[in-house]
Amino acid sequence: MDKRRVTTTINETLCTGCGACIRVCPSGTITMEGKRCEITGTESLSCGHCMAVCPESAVAVAAIAPDSLDFSTFTLDTTWLAHGEFRTKDLARLMASRRSCRNYTTTEVPEDLLRDLVKLGTLAPSGTNSQAWTFTVLPTRDKVLSLGSAVAGFFKGLNRMAEKSWLRALLALVGKTDLKDYYTEYYETIKEAIGEFESTNTDLLFHGATAVIVVGATPDASCPREDALLATGNMLMAAHAMGLGTCLIGFAQKAMEKDKSISRAFGIPDHEEVHAVLALGYPNEKYQRATGRKPTITRFT
């Protein structure tokens, strides 16, 4: 289906011709014809601005899933929250309180909570409203361990390559220093982690998380990586509010990005790129206070 196809309709009986939908439409899909607003454009982002702004509920966008704001674990107040209406200090407290979790209980997360978390992820913005992200949910500890074994296999192979000093040197000679840098920064740590995983089942990759959400994107997205990471950011904040701990697992993302067979094993087709791997579960840790961040470079020019 053409992602720009117009699915917007206007109820002529309800429309008063106020023009609010025309002012907020980014695609010029709607124009004023006489005393009523009409669909005259040939393209639409299906963003729903027109639907959200209409005081008479006269606009509908069929491309928007009717259950996209229906949640299993809570009821959403769909009244629009105006700019400045939410207290900044409450949002800042949530952001400052969320920390990467590396200690989890063995309790698995209910699937309806995971589904709601994904829906909250999809409320993020995306380039040209592409919404071409994908979410692959591994809802059990066994599935998480299966992914961990696949990732460990990838890094065992990479370590074998990195052990060859002649190969590191040869690649560096032609300007490819990735293997050399990997050997310097990660080889020993990865070797020890794989050894512990294989000998004692110590999980230094997912830290005992009972679920994983793999966030990807299809190639028709305008900004696939950015979109996926924005959705992931939503889920990081939402998970904390839901009582869950989270941790982004960069090693797993890198392995799935480089070795498509890992993604394939979990039902992810080759045309999808994996941009984030989010481990989650019920946290077995409790903090006393929020802390800050390192100094940052901020410019006003």
# chains A, B, ... in the order shown; residues from 1 in each chain; ligands from 1
$ residues_around --residues "region 82-96 of chain A" --least-positions-apart "6" --cutoff "10 Å" --atoms "only C-alpha atoms" --output "mmCIF file with C-alpha atoms, in the first residue's frame"
data_model
loop_
_atom_site.group_PDB
_atom_site.id
_atom_site.type_symbol
_atom_site.label_atom_id
_atom_site.label_comp_id
_atom_site.auth_asym_id
_atom_site.auth_seq_id
_atom_site.Cartn_x
_atom_site.Cartn_y
_atom_site.Cartn_z
ATOM 1 C CA LEU A 236 12.533 3.252 28.416
ATOM 2 C CA MET A 237 10.547 5.957 30.184
ATOM 3 C CA ALA A 238 7.240 4.088 30.042
ATOM 4 C CA HIS A 240 9.971 2.694 34.521
ATOM 5 C CA ALA A 241 6.480 4.096 35.086
ATOM 6 C CA ARG A 289 18.049 9.374 44.903
ATOM 7 C CA ALA A 290 18.511 10.708 41.377
ATOM 8 C CA THR A 291 22.012 11.614 40.231
ATOM 9 C CA GLY A 292 23.175 13.862 37.436
ATOM 10 C CA ARG A 293 25.242 13.453 34.303
#
$ residues_around --residues "region 246-259 of chain A" --least-positions-apart "5" --cutoff "6 Å" --atoms "only C-alpha atoms" --output "list of chain:residue names"
A:Ser100, A:Cys101, A:Val151, A:Val274, A:Ala276, A:Val277, A:Leu278, A:Ala279, A:Leu280
$ write_last_selection --atoms "N, CA and C atoms" --output "PDB file, in the first residue's frame"
ATOM      1  N   SER A 100      19.731   2.258  34.015  1.00  0.00           N
ATOM      2  CA  SER A 100      19.926   0.960  33.389  1.00  0.00           C
ATOM      3  C   SER A 100      19.962  -0.118  34.468  1.00  0.00           C
ATOM      4  N   CYS A 101      19.119  -1.119  34.314  1.00  0.00           N
ATOM      5  CA  CYS A 101      18.959  -2.160  35.331  1.00  0.00           C
ATOM      6  C   CYS A 101      19.796  -3.390  34.960  1.00  0.00           C
ATOM      7  N   VAL A 151      24.125 -14.631  20.289  1.00  0.00           N
ATOM      8  CA  VAL A 151      25.038 -13.480  20.353  1.00  0.00           C
ATOM      9  C   VAL A 151      26.424 -13.935  20.795  1.00  0.00           C
ATOM     10  N   VAL A 274      18.073  -4.044  12.586  1.00  0.00           N
ATOM     11  CA  VAL A 274      17.911  -3.964  14.032  1.00  0.00           C
ATOM     12  C   VAL A 274      18.686  -2.755  14.557  1.00  0.00           C
ATOM     13  N   ALA A 276      17.992  -1.427  18.009  1.00  0.00           N
ATOM     14  CA  ALA A 276      18.089  -1.424  19.469  1.00  0.00           C
ATOM     15  C   ALA A 276      17.617  -2.765  20.007  1.00  0.00           C
ATOM     16  N   VAL A 277      18.276  -3.215  21.069  1.00  0.00           N
ATOM     17  CA  VAL A 277      17.853  -4.421  21.785  1.00  0.00           C
ATOM     18  C   VAL A 277      17.650  -4.010  23.234  1.00  0.00           C
ATOM     19  N   LEU A 278      16.408  -4.113  23.684  1.00  0.00           N
ATOM     20  CA  LEU A 278      16.022  -3.626  25.005  1.00  0.00           C
ATOM     21  C   LEU A 278      15.719  -4.803  25.926  1.00  0.00           C
ATOM     22  N   ALA A 279      16.565  -4.988  26.949  1.00  0.00           N
ATOM     23  CA  ALA A 279      16.313  -6.011  27.962  1.00  0.00           C
ATOM     24  C   ALA A 279      15.423  -5.415  29.040  1.00  0.00           C
ATOM     25  N   LEU A 280      14.510  -6.220  29.573  1.00  0.00           N
ATOM     26  CA  LEU A 280      13.626  -5.697  30.599  1.00  0.00           C
ATOM     27  C   LEU A 280      13.096  -6.798  31.505  1.00  0.00           C
TER      28      LEU A 280
END
$ select_by_dssp --residues "region 51-221 of chain A" --states "strand (DSSP E)" --output "list in words"
Val59, Ala60, Val61, Trp133, Thr134, Phe135, Thr136, Val137, Leu138, Ala211, Val212, Ile213, Val214, Val215, Gly216 and Ala217 of chain A
$ residues_around --residues "Ser46 (chain A)" --least-positions-apart "3" --cutoff "10 Å" --atoms "only C-alpha atoms" --output "MDAnalysis selection string"
chainID A and resid 3:8 25:27 29 43 49:51 60:64 128:130
$ write_last_selection --atoms "N, CA and C atoms" --output "JSON list (two decimals), in the first residue's frame"
[["chain", "number", "residue", "atom", "x", "y", "z"],
["A", 3, "LYS", "N", 2.26, 4.46, 1.14],
["A", 3, "LYS", "CA", 2.20, 5.02, 2.49],
["A", 3, "LYS", "C", 1.67, 6.46, 2.51],
["A", 4, "ARG", "N", 1.61, 7.12, 1.34],
["A", 4, "ARG", "CA", 1.07, 8.49, 1.29],
["A", 4, "ARG", "C", -0.39, 8.51, 0.82],
["A", 5, "ARG", "N", -1.00, 7.32, 0.70],
["A", 5, "ARG", "CA", -2.38, 7.27, 0.19],
["A", 5, "ARG", "C", -3.32, 8.00, 1.14],
["A", 6, "VAL", "N", -4.25, 8.73, 0.57],
["A", 6, "VAL", "CA", -5.21, 9.50, 1.37],
["A", 6, "VAL", "C", -6.31, 8.58, 1.88],
["A", 7, "THR", "N", -6.44, 8.50, 3.20],
["A", 7, "THR", "CA", -7.53, 7.73, 3.81],
["A", 7, "THR", "C", -8.42, 8.62, 4.68],
["A", 8, "THR", "N", -8.20, 9.92, 4.57],
["A", 8, "THR", "CA", -8.95, 10.89, 5.38],
["A", 8, "THR", "C", -10.33, 11.14, 4.78],
["A", 25, "CYS", "N", -2.75, 20.75, 8.73],
["A", 25, "CYS", "CA", -2.40, 19.67, 7.81],
["A", 25, "CYS", "C", -1.04, 19.93, 7.16],
["A", 26, "PRO", "N", -0.05, 19.03, 7.32],
["A", 26, "PRO", "CA", 1.27, 19.25, 6.74],
["A", 26, "PRO", "C", 1.37, 18.89, 5.27],
["A", 27, "SER", "N", 0.31, 18.29, 4.71],
["A", 27, "SER", "CA", 0.39, 17.79, 3.34],
["A", 27, "SER", "C", -0.52, 18.52, 2.35],
["A", 29, "THR", "N", -3.68, 18.32, 2.25],
["A", 29, "THR", "CA", -4.68, 17.33, 1.84],
["A", 29, "THR", "C", -6.09, 17.91, 1.84],
["A", 43, "GLU", "N", -2.10, 13.31, -1.55],
["A", 43, "GLU", "CA", -1.20, 12.65, -0.62],
["A", 43, "GLU", "C", -1.55, 13.02, 0.81],
["A", 49, "HIS", "N", -3.42, 14.87, 12.56],
["A", 49, "HIS", "CA", -3.56, 16.23, 13.08],
["A", 49, "HIS", "C", -4.99, 16.74, 12.87],
["A", 50, "CYS", "N", -5.52, 16.49, 11.68],
["A", 50, "CYS", "CA", -6.86, 16.97, 11.36],
["A", 50, "CYS", "C", -7.90, 16.36, 12.28],
["A", 51, "MET", "N", -7.74, 15.07, 12.57],
["A", 51, "MET", "CA", -8.64, 14.36, 13.47],
["A", 51, "MET", "C", -8.58, 14.94, 14.87],
["A", 60, "ALA", "N", -12.06, 11.73, 10.02],
["A", 60, "ALA", "CA", -11.58, 10.39, 10.33],
["A", 60, "ALA", "C", -10.41, 10.05, 9.40],
["A", 61, "VAL", "N", -9.46, 9.28, 9.91],
["A", 61, "VAL", "CA", -8.31, 8.83, 9.12],
["A", 61, "VAL", "C", -8.26, 7.31, 9.23],
["A", 62, "ALA", "N", -8.63, 6.62, 8.17],
["A", 62, "ALA", "CA", -8.75, 5.16, 8.20],
["A", 62, "ALA", "C", -7.41, 4.47, 8.41],
["A", 63, "ALA", "N", -6.30, 5.14, 8.03],
["A", 63, "ALA", "CA", -4.98, 4.52, 8.17],
["A", 63, "ALA", "C", -4.56, 4.37, 9.62],
["A", 64, "ILE", "N", -5.19, 5.10, 10.53],
["A", 64, "ILE", "CA", -4.86, 5.00, 11.95],
["A", 64, "ILE", "C", -5.62, 3.83, 12.56],
["A", 128, "THR", "N", 8.65, 11.97, 8.54],
["A", 128, "THR", "CA", 7.51, 12.01, 7.62],
["A", 128, "THR", "C", 6.40, 11.05, 8.07],
["A", 129, "ASN", "N", 6.29, 10.88, 9.38],
["A", 129, "ASN", "CA", 5.28, 9.98, 9.97],
["A", 129, "ASN", "C", 5.33, 8.59, 9.35],
["A", 130, "SER", "N", 6.53, 8.12, 9.04],
["A", 130, "SER", "CA", 6.67, 6.80, 8.40],
["A", 130, "SER", "C", 6.15, 5.67, 9.28]]
$ closest_residue --among "A:His275, A:Pro66, A:His207, A:Asp77" --to "Gly48 (chain A)" --atoms "only C-alpha atoms"
A:Pro66
$ atom_distance --atom1 "CA of Glu111 (chain A)" --atom2 "CA of Arg98 (chain A)"
21.9 Å
$ atom_distance --atom1 "CA of Glu38 (chain A)" --atom2 "CA of Ala52 (chain A)"
16.4 Å
$ residues_around --residues "Ala211 (chain A)" --least-positions-apart "4" --cutoff "10 Å" --atoms "only C-alpha atoms" --output "list in words"
Glu108, Val109, Pro110, Glu111, Leu114, Val137, Leu138, Pro139, Thr140, Arg141, Asp142, Lys143, Val144, Leu145, Phe206, Thr246, Leu278, Ala279, Leu280, Gly281 and Tyr282 of chain A
$ write_last_selection --atoms "C-alpha atoms" --output "compact mmCIF listing (two decimals), in the first residue's frame"
# COMPACT_ATOMS: atom_id res chain seq x y z
CA GLU A 108 8.31 -12.86 33.93
CA VAL A 109 6.52 -9.82 32.51
CA PRO A 110 2.89 -10.44 31.45
CA GLU A 111 2.36 -10.27 27.69
CA LEU A 114 4.69 -5.95 26.94
CA VAL A 137 9.19 -9.41 21.53
CA LEU A 138 10.95 -12.26 23.33
CA PRO A 139 8.58 -12.65 26.31
CA THR A 140 10.29 -15.44 28.30
CA ARG A 141 13.61 -16.04 29.99
CA ASP A 142 14.18 -19.11 27.79
CA LYS A 143 13.85 -16.96 24.66
CA VAL A 144 16.23 -14.39 26.13
CA LEU A 145 18.81 -17.09 26.83
CA PHE A 206 21.17 -9.57 29.62
CA THR A 246 15.39 -1.77 31.39
CA LEU A 278 16.02 -3.63 25.01
CA ALA A 279 16.31 -6.01 27.96
CA LEU A 280 13.63 -5.70 30.60
CA GLY A 281 12.03 -7.29 33.62
CA TYR A 282 11.05 -6.60 37.19
$ closest_residue --among "A:Arg115, A:Arg160, A:Lys35, A:His271" --to "Leu69 (chain A)" --atoms "only C-alpha atoms"
A:Arg115
$ closest_residue --among "A:Leu179, A:Gly157, A:Gln131, A:Ala152" --to "Glu196 (chain A)" --atoms "only C-alpha atoms"
A:Ala152
$ select_by_dssp --residues "region 40-250 of chain A" --states "helix (DSSP H, G or I)" --output "short mmCIF file (atom, residue, chain, number, x, y, z; two decimals) with C-alpha atoms, in the first residue's frame"
data_model
loop_
_atom_site.label_atom_id
_atom_site.label_comp_id
_atom_site.auth_asym_id
_atom_site.auth_seq_id
_atom_site.Cartn_x
_atom_site.Cartn_y
_atom_site.Cartn_z
CA HIS A 49 -3.56 16.23 13.08
CA CYS A 50 -6.86 16.97 11.36
CA MET A 51 -8.64 14.36 13.47
CA ALA A 52 -7.13 15.67 16.68
CA VAL A 53 -7.95 19.33 16.03
CA THR A 88 8.10 19.75 33.88
CA LYS A 89 9.47 18.77 37.27
CA ASP A 90 7.43 15.54 37.22
CA LEU A 91 8.76 14.61 33.78
CA ALA A 92 12.30 15.50 34.86
CA ARG A 93 11.96 13.29 37.93
CA LEU A 94 10.91 10.33 35.78
CA MET A 95 13.82 10.91 33.39
CA ALA A 96 16.33 11.27 36.22
CA SER A 97 15.00 8.20 38.07
CA GLU A 111 2.36 -10.27 27.69
CA ASP A 112 -0.35 -7.62 27.96
CA LEU A 113 2.15 -5.33 29.72
CA LEU A 114 4.69 -5.95 26.94
CA ARG A 115 2.05 -5.19 24.30
CA ASP A 116 1.15 -1.95 26.04
CA LEU A 117 4.83 -1.02 26.23
CA VAL A 118 5.20 -1.48 22.47
CA LYS A 119 2.11 0.67 21.87
CA LEU A 120 3.62 3.41 23.99
CA GLY A 121 6.76 3.13 21.88
CA GLY A 127 10.35 11.03 10.00
CA THR A 128 7.51 12.01 7.62
CA ASN A 129 5.28 9.98 9.97
CA ARG A 141 13.61 -16.04 29.99
CA ASP A 142 14.18 -19.11 27.79
CA LYS A 143 13.85 -16.96 24.66
CA VAL A 144 16.23 -14.39 26.13
CA LEU A 145 18.81 -17.09 26.83
CA SER A 146 18.38 -18.40 23.29
CA LEU A 147 19.23 -14.97 21.92
CA GLY A 148 22.14 -14.76 24.37
CA SER A 149 23.58 -18.03 23.04
CA ALA A 150 23.32 -16.76 19.45
CA VAL A 151 25.04 -13.48 20.35
CA ALA A 152 27.76 -15.37 22.23
CA GLY A 153 28.35 -17.50 19.13
CA PHE A 154 28.82 -14.39 17.02
CA PHE A 155 31.38 -12.92 19.40
CA LYS A 156 33.24 -16.22 19.74
CA GLY A 157 33.78 -16.09 15.99
CA LEU A 158 34.82 -12.45 16.16
CA ASN A 159 37.26 -13.24 18.96
CA ARG A 160 38.83 -16.00 16.89
CA MET A 161 39.44 -13.49 14.13
CA ALA A 162 40.75 -10.87 16.54
CA SER A 165 47.69 -10.61 15.02
CA TRP A 166 48.61 -10.85 11.34
CA LEU A 167 45.01 -10.22 10.34
CA ARG A 168 44.68 -7.22 12.64
CA ALA A 169 47.91 -5.79 11.24
CA LEU A 170 46.96 -6.46 7.62
CA LEU A 171 43.57 -4.79 7.97
CA ALA A 172 45.13 -1.83 9.76
CA LEU A 173 47.57 -1.38 6.86
CA ASP A 178 37.94 -1.98 13.50
CA LEU A 179 39.34 -5.42 14.35
CA LYS A 180 42.42 -3.93 16.01
CA ASP A 181 40.26 -1.54 18.05
CA TYR A 182 37.93 -4.37 19.04
CA TYR A 183 40.88 -6.49 20.20
CA THR A 184 42.22 -3.63 22.31
CA GLU A 185 38.93 -2.57 23.88
CA TYR A 187 38.46 -8.92 23.35
CA GLU A 188 39.39 -9.85 26.92
CA THR A 189 36.07 -8.71 28.41
CA ILE A 190 34.08 -10.65 25.82
CA LYS A 191 36.25 -13.74 26.27
CA GLU A 192 35.68 -13.72 30.03
CA ALA A 193 31.92 -13.11 29.66
CA ILE A 194 31.51 -15.99 27.19
CA GLY A 195 33.56 -18.25 29.46
CA GLU A 196 31.36 -17.47 32.46
CA PHE A 197 28.18 -17.93 30.43
CA GLU A 198 29.29 -21.34 29.19
CA SER A 199 30.73 -22.63 32.47
CA THR A 200 28.39 -21.22 35.12
CA PRO A 224 14.86 4.33 10.17
CA ARG A 225 17.53 4.40 12.88
CA GLU A 226 16.32 7.66 14.38
CA ASP A 227 12.70 6.48 14.37
CA ALA A 228 13.58 3.20 16.09
CA LEU A 229 15.62 4.96 18.76
CA LEU A 230 12.88 7.51 19.43
CA ALA A 231 10.41 4.66 19.96
CA THR A 232 12.95 2.94 22.22
CA GLY A 233 13.31 6.12 24.27
CA ASN A 234 9.56 6.18 24.80
CA MET A 235 9.65 2.58 26.03
CA LEU A 236 12.53 3.25 28.42
CA MET A 237 10.55 5.96 30.18
CA ALA A 238 7.24 4.09 30.04
CA ALA A 239 8.77 0.88 31.41
CA HIS A 240 9.97 2.69 34.52
CA ALA A 241 6.48 4.10 35.09
CA GLY A 250 24.55 -2.75 22.48
#
$ closest_residue --among "A:Val214, A:Val59, A:Met242, A:Cys223" --to "Gly267 (chain A)" --atoms "only C-alpha atoms"
A:Val214
$ decode --residues "region 34-75 of chain A" --atoms "N, CA and C atoms" --output "compact mmCIF listing (two decimals), in the first residue's frame"
# COMPACT_ATOMS: atom_id res chain seq x y z
N GLY A 34 -16.20 26.25 -0.74
CA GLY A 34 -17.43 26.88 -0.29
C GLY A 34 -17.38 27.12 1.20
N LYS A 35 -18.33 26.54 1.92
CA LYS A 35 -18.38 26.72 3.37
C LYS A 35 -17.99 25.45 4.12
N ARG A 36 -17.42 24.49 3.43
CA ARG A 36 -17.05 23.23 4.05
C ARG A 36 -15.61 22.85 3.71
N CYS A 37 -15.00 22.09 4.60
CA CYS A 37 -13.66 21.56 4.33
C CYS A 37 -13.82 20.27 3.54
N GLU A 38 -12.97 20.10 2.51
CA GLU A 38 -13.06 18.90 1.68
C GLU A 38 -11.67 18.33 1.43
N ILE A 39 -11.65 17.02 1.16
CA ILE A 39 -10.40 16.34 0.82
C ILE A 39 -10.14 16.55 -0.66
N THR A 40 -9.09 17.30 -0.98
CA THR A 40 -8.78 17.58 -2.38
C THR A 40 -7.36 17.16 -2.76
N GLY A 41 -6.50 16.93 -1.76
CA GLY A 41 -5.11 16.56 -2.03
C GLY A 41 -4.98 15.10 -2.43
N THR A 42 -3.85 14.78 -3.01
CA THR A 42 -3.60 13.41 -3.49
C THR A 42 -2.65 12.63 -2.58
N GLU A 43 -2.10 13.31 -1.55
CA GLU A 43 -1.20 12.65 -0.62
C GLU A 43 -1.55 13.02 0.81
N SER A 44 -1.21 12.12 1.74
CA SER A 44 -1.45 12.38 3.15
C SER A 44 -0.39 11.66 3.97
N LEU A 45 0.03 12.27 5.08
CA LEU A 45 0.95 11.60 6.00
C LEU A 45 0.21 10.71 6.98
N SER A 46 -1.11 10.79 6.99
CA SER A 46 -1.93 10.04 7.95
C SER A 46 -1.48 10.30 9.38
N CYS A 47 -1.12 11.55 9.66
CA CYS A 47 -0.62 11.91 10.98
C CYS A 47 -1.74 12.07 12.00
N GLY A 48 -2.95 12.35 11.52
CA GLY A 48 -4.08 12.51 12.42
C GLY A 48 -4.23 13.89 13.01
N HIS A 49 -3.42 14.87 12.56
CA HIS A 49 -3.56 16.23 13.08
C HIS A 49 -4.99 16.74 12.87
N CYS A 50 -5.52 16.49 11.68
CA CYS A 50 -6.86 16.97 11.36
C CYS A 50 -7.90 16.36 12.28
N MET A 51 -7.74 15.07 12.57
CA MET A 51 -8.64 14.36 13.47
C MET A 51 -8.58 14.94 14.87
N ALA A 52 -7.34 15.21 15.31
CA ALA A 52 -7.13 15.67 16.68
C ALA A 52 -7.65 17.09 16.90
N VAL A 53 -7.63 17.92 15.85
CA VAL A 53 -7.95 19.33 16.03
C VAL A 53 -9.43 19.65 15.81
N CYS A 54 -10.15 18.80 15.12
CA CYS A 54 -11.53 19.11 14.75
C CYS A 54 -12.44 19.21 15.98
N PRO A 55 -13.07 20.35 16.20
CA PRO A 55 -13.93 20.52 17.39
C PRO A 55 -15.24 19.74 17.28
N GLU A 56 -15.60 19.30 16.08
CA GLU A 56 -16.87 18.61 15.87
C GLU A 56 -16.70 17.11 15.65
N SER A 57 -15.46 16.61 15.73
CA SER A 57 -15.16 15.19 15.45
C SER A 57 -15.68 14.77 14.08
N ALA A 58 -15.48 15.67 13.11
CA ALA A 58 -15.98 15.42 11.76
C ALA A 58 -14.98 14.70 10.87
N VAL A 59 -13.73 14.57 11.32
CA VAL A 59 -12.66 14.02 10.48
C VAL A 59 -12.28 12.62 10.97
N ALA A 60 -12.06 11.73 10.02
CA ALA A 60 -11.58 10.39 10.33
C ALA A 60 -10.41 10.05 9.40
N VAL A 61 -9.46 9.28 9.91
CA VAL A 61 -8.31 8.83 9.12
C VAL A 61 -8.26 7.31 9.23
N ALA A 62 -8.63 6.62 8.17
CA ALA A 62 -8.75 5.16 8.20
C ALA A 62 -7.41 4.47 8.41
N ALA A 63 -6.30 5.14 8.03
CA ALA A 63 -4.98 4.52 8.17
C ALA A 63 -4.56 4.37 9.62
N ILE A 64 -5.19 5.10 10.53
CA ILE A 64 -4.86 5.00 11.95
C ILE A 64 -5.62 3.83 12.56
N ALA A 65 -4.90 2.92 13.18
CA ALA A 65 -5.52 1.74 13.77
C ALA A 65 -6.50 2.17 14.86
N PRO A 66 -7.73 1.71 14.81
CA PRO A 66 -8.73 2.16 15.78
C PRO A 66 -8.42 1.77 17.22
N ASP A 67 -7.60 0.75 17.41
CA ASP A 67 -7.28 0.32 18.78
C ASP A 67 -5.90 0.79 19.23
N SER A 68 -5.29 1.72 18.50
CA SER A 68 -3.91 2.11 18.80
C SER A 68 -3.78 2.83 20.14
N LEU A 69 -4.87 3.35 20.68
CA LEU A 69 -4.82 4.00 21.99
C LEU A 69 -5.59 3.20 23.05
N ASP A 70 -5.88 1.94 22.73
CA ASP A 70 -6.51 1.04 23.70
C ASP A 70 -5.43 0.21 24.38
N PHE A 71 -5.36 0.30 25.69
CA PHE A 71 -4.34 -0.41 26.46
C PHE A 71 -4.98 -1.42 27.39
N SER A 72 -4.28 -2.50 27.63
CA SER A 72 -4.81 -3.57 28.48
C SER A 72 -4.59 -3.31 29.96
N THR A 73 -3.51 -2.61 30.31
CA THR A 73 -3.16 -2.48 31.72
C THR A 73 -3.56 -1.13 32.33
N PHE A 74 -4.08 -0.24 31.53
CA PHE A 74 -4.58 1.04 32.03
C PHE A 74 -5.51 1.64 30.99
N THR A 75 -6.28 2.64 31.40
CA THR A 75 -7.17 3.35 30.49
C THR A 75 -6.60 4.73 30.22
